[in-house]
Amino acid sequence: MSLPPDSPRVLQVIADGAPGGGTTHVLLLLRSLSASWELGLATQRGSYLFRTARAIGVKCYEIDPFGGLAYLRGPNNLRRILAAFRPDLIHAHGSRAGFLVALASPRAPVVHTIHGLHLLRRSPLARWLAGLAQRYTNQRTDFTVFVSDADLSLARKHGLAPPEGSCRVIHNGISPVGPGEACSPVARHVGFIGRLEYMKDPLLFLDVMASLPEYSGEMVGGGSMEPEVQDVIRRRGVGNIQAHGALPHGDSLRRLRTFSVMLVTSRWEGLPIAILEAMRDGVPVVAARISGIEEVIEDGTSGLLVDSRSPGELALAVRRVSEDLRLRQRLIEGGKKRVQEQFSEAQMVRSLQEVYGQVLQVPSRARVVRRQGT
């Protein structure tokens, strides 16, 4: 479908294009907004997101992974992209992309979505530096979106939130029907989907599975801990766990639909899309209780939350969901209803378009800061 010639141009910017929640979110926006906005994407060169977005007809631009020397050349590279695409609005996703856009000091207004306050879990020095970067980003951003109430509260507590009126919470949303064919769950088959990083605690998943020898397990995701996960599986001689590494989103969903239970062992989260997809597709979720997940799962109604990070306690919850068929059915029905009513794609996209319209119409503090060069 062709767009009117005066359609606003929006450049989506995300530093990491590997499979994951942020990538899934951006792809959903690229598909959902294409009827009303002319869209471009700047992301990691050769990444899964870059290839997938280009295949659906989005104009794509390459940026280097944001680290090392890229901190020096990244802003100039982004300025060249901005000159080529000429956006009316820029939407940055994640702290790295937000900081990169701030350093480039564009003329176009900027919306920044924070997909989790990961900086608060770093070492004291790294946290201080990241806090400086976040405050600088806030000054040069017109509007900030948080994906959970918990993250906004944390940001305010630590002095990392923009002023009232220039930020709001917009929960992640997903489409009502996932792509691909339906699959039948495998009995006593427990799944993990997420990046193999410290925040997701994949080693706790392995510890839980060690308490469930009669169950099979499956892990989908790549990351810096992938060699360690593979090594632990090999050293323990665990034959009941498969670790696939990172998979394209469609393949990941196909694996998800074979789980009888999805186990989430994260130490912290923003608002995880994988949980929403499991609930939508009828896969009951057991999760360690943390703030971002509490906004999605109503304990005992749309999933089970476990207060302890004890492998034994989590294993007990997995057994309950697998063996108590009434509980299982209640969680499946409650999860589907929860996603439909509170985490729909339509609701999320409508809220983001409201933000886009507000930012495009109202002169902003951030643009004054950029003009003054402060």
# chains A, B, ... in the order shown; residues from 1 in each chain; ligands from 1
>>> residues_around(residues="segment 343-358 of chain A", least_positions_apart="4", cutoff="8 Å", atoms="only C-alpha atoms", output="list in words")
Leu29, Ser32, Leu33, Leu89, Val111, Phe143, Ile170, His171, Asn172, Gly173, Ile174, Ser175, Pro176, Leu276, Arg338, Val339 and Val362 of chain A
>>> residues_around(residues="Val26 of chain A", least_positions_apart="3", cutoff="9 Å", atoms="only C-alpha atoms", output="number ranges by chain")
A: 12-14, 21-23, 29-31, 49, 93
>>> closest_residue(among="A:Ala84, A:Leu39, A:Val169, A:Ala108", to="Val359 of chain A", atoms="only C-alpha atoms")
A:Ala108
>>> closest_atom_pairs(of="segment 220-246 of chain A", to="segment 194-203 of chain A", cutoff="7 Å", atoms="only C-alpha atoms", output="Markdown table")
| residue | atom | partner | partner_atom | distance |
| --- | --- | --- | --- | --- |
| A:Val220 | CA | A:Gly194 | CA | 6.5 |
| A:Gly221 | CA | A:Arg195 | CA | 4.8 |
| A:Gly222 | CA | A:Arg195 | CA | 5.3 |
| A:Gly223 | CA | A:Leu196 | CA | 4.6 |
| A:Ser224 | CA | A:Glu197 | CA | 6.0 |
| A:Met225 | CA | A:Leu196 | CA | 5.2 |
| A:Glu226 | CA | A:Leu196 | CA | 5.8 |
| A:Val229 | CA | A:Leu203 | CA | 6.8 |
>>> residues_around(residues="Ala182 of chain A", least_positions_apart="6", cutoff="9 Å", atoms="only C-alpha atoms", output="list in words")
Arg254, Arg257 and Asp281 of chain A
>>> write_last_selection(atoms="N, CA and C atoms", output="PDB file, in the first residue's frame")
ATOM      1  N   ARG A 254       7.885 -21.556  17.466  1.00  0.00           N
ATOM      2  CA  ARG A 254       7.565 -22.976  17.256  1.00  0.00           C
ATOM      3  C   ARG A 254       8.073 -23.832  18.410  1.00  0.00           C
ATOM      4  N   ARG A 257       5.869 -23.352  21.621  1.00  0.00           N
ATOM      5  CA  ARG A 257       4.568 -24.031  21.633  1.00  0.00           C
ATOM      6  C   ARG A 257       4.665 -25.519  21.953  1.00  0.00           C
ATOM      7  N   ASP A 281      -0.095 -17.972  23.706  1.00  0.00           N
ATOM      8  CA  ASP A 281      -0.118 -19.249  22.993  1.00  0.00           C
ATOM      9  C   ASP A 281      -0.480 -20.427  23.888  1.00  0.00           C
TER      10      ASP A 281
END
>>> closest_residue(among="A:Gln44, A:Asn76, A:Ser308, A:Ser291", to="Glu62 of chain A", atoms="only C-alpha atoms")
A:Gln44
>>> closest_residue(among="A:Cys60, A:Leu160, A:Leu41, A:Val145", to="Thr113 of chain A", atoms="only C-alpha atoms")
A:Val145
>>> select_by_dssp(residues="segment 242-371 of chain A", states="helix (DSSP H, G or I)", output="PyMOL selection string")
chain A and resi 249-256+273-280+291-294+311-323+325-342+345-361+365-371
>>> residues_around(residues="Ile241 of chain A", least_positions_apart="3", cutoff="6 Å", atoms="only C-alpha atoms", output="JSON, numbers by chain")
{"A": [216, 217, 218]}
>>> write_last_selection(atoms="C-alpha atoms", output="JSON list (two decimals), in the first residue's frame")
[["chain", "number", "residue", "atom", "x", "y", "z"],
["A", 216, "SER", "CA", 13.06, -32.71, 29.55],
["A", 217, "GLY", "CA", 14.32, -29.17, 29.10],
["A", 218, "GLU", "CA", 14.98, -26.86, 26.17]]
>>> residues_around(residues="Asp88 of chain A", least_positions_apart="5", cutoff="7 Å", atoms="only C-alpha atoms", output="list in words")
Pro8, Arg9, Val10 and Ala108 of chain A
>>> write_last_selection(atoms="N, CA and C atoms", output="JSON list (two decimals), in the first residue's frame")
[["chain", "number", "residue", "atom", "x", "y", "z"],
["A", 8, "PRO", "N", 4.61, 11.39, 7.68],
["A", 8, "PRO", "CA", 5.78, 11.65, 8.51],
["A", 8, "PRO", "C", 6.79, 10.51, 8.41],
["A", 9, "ARG", "N", 8.06, 10.86, 8.47],
["A", 9, "ARG", "CA", 9.14, 9.89, 8.37],
["A", 9, "ARG", "C", 9.70, 9.62, 9.77],
["A", 10, "VAL", "N", 9.70, 8.34, 10.16],
["A", 10, "VAL", "CA", 10.17, 7.96, 11.49],
["A", 10, "VAL", "C", 11.32, 6.97, 11.34],
["A", 108, "ALA", "N", 15.74, 16.64, 14.42],
["A", 108, "ALA", "CA", 14.41, 16.04, 14.57],
["A", 108, "ALA", "C", 14.15, 15.70, 16.04]]
>>> atom_distance(atom1="atom CA of Glu313 of chain A", atom2="atom CA of His244 of chain A")
26.0 Å
>>> select_by_dssp(residues="segment 153-371 of chain A", states="strand (DSSP E or B)", output="JSON, numbers by chain")
{"A": [167, 168, 169, 174, 189, 190, 191, 192, 193, 216, 217, 218, 219, 220, 241, 242, 243, 261, 262, 263, 264, 285, 286, 287, 288, 299, 303, 304, 305, 306, 344]}
>>> residues_around(residues="segment 268-271 of chain A", least_positions_apart="3", cutoff="7 Å", atoms="only C-alpha atoms", output="JSON, numbers by chain")
{"A": [115, 116, 147, 148, 151, 172, 199, 290, 292, 293]}
>>> closest_residue(among="A:Phe146, A:Thr43, A:Thr52, A:Pro162", to="Ile81 of chain A", atoms="only C-alpha atoms")
A:Thr43
>>> closest_residue(among="A:Ser322, A:Ser7, A:Ser211, A:Ser36", to="Pro87 of chain A", atoms="only C-alpha atoms")
A:Ser7
>>> decode(residues="segment 30-45 of chain A", atoms="C-alpha atoms", output="mmCIF file, in the first residue's frame")
data_model
loop_
_atom_site.group_PDB
_atom_site.id
_atom_site.type_symbol
_atom_site.label_atom_id
_atom_site.label_comp_id
_atom_site.auth_asym_id
_atom_site.auth_seq_id
_atom_site.Cartn_x
_atom_site.Cartn_y
_atom_site.Cartn_z
ATOM 1 C CA LEU A 30 7.761 -1.616 11.705
ATOM 2 C CA ARG A 31 4.852 -3.787 10.594
ATOM 3 C CA SER A 32 2.134 -1.993 12.580
ATOM 4 C CA LEU A 33 3.089 1.597 11.752
ATOM 5 C CA SER A 34 3.773 1.124 8.053
ATOM 6 C CA ALA A 35 0.232 2.143 7.023
ATOM 7 C CA SER A 36 0.560 5.642 8.491
ATOM 8 C CA TRP A 37 4.266 6.462 8.693
ATOM 9 C CA GLU A 38 7.226 6.226 6.345
ATOM 10 C CA LEU A 39 9.654 4.072 8.294
ATOM 11 C CA GLY A 40 13.378 3.602 8.363
ATOM 12 C CA LEU A 41 15.616 1.473 10.570
ATOM 13 C CA ALA A 42 19.173 1.965 11.814
ATOM 14 C CA THR A 43 20.609 -1.108 13.481
ATOM 15 C CA GLN A 44 23.584 -3.443 13.699
ATOM 16 C CA ARG A 45 24.992 -4.320 10.327
#
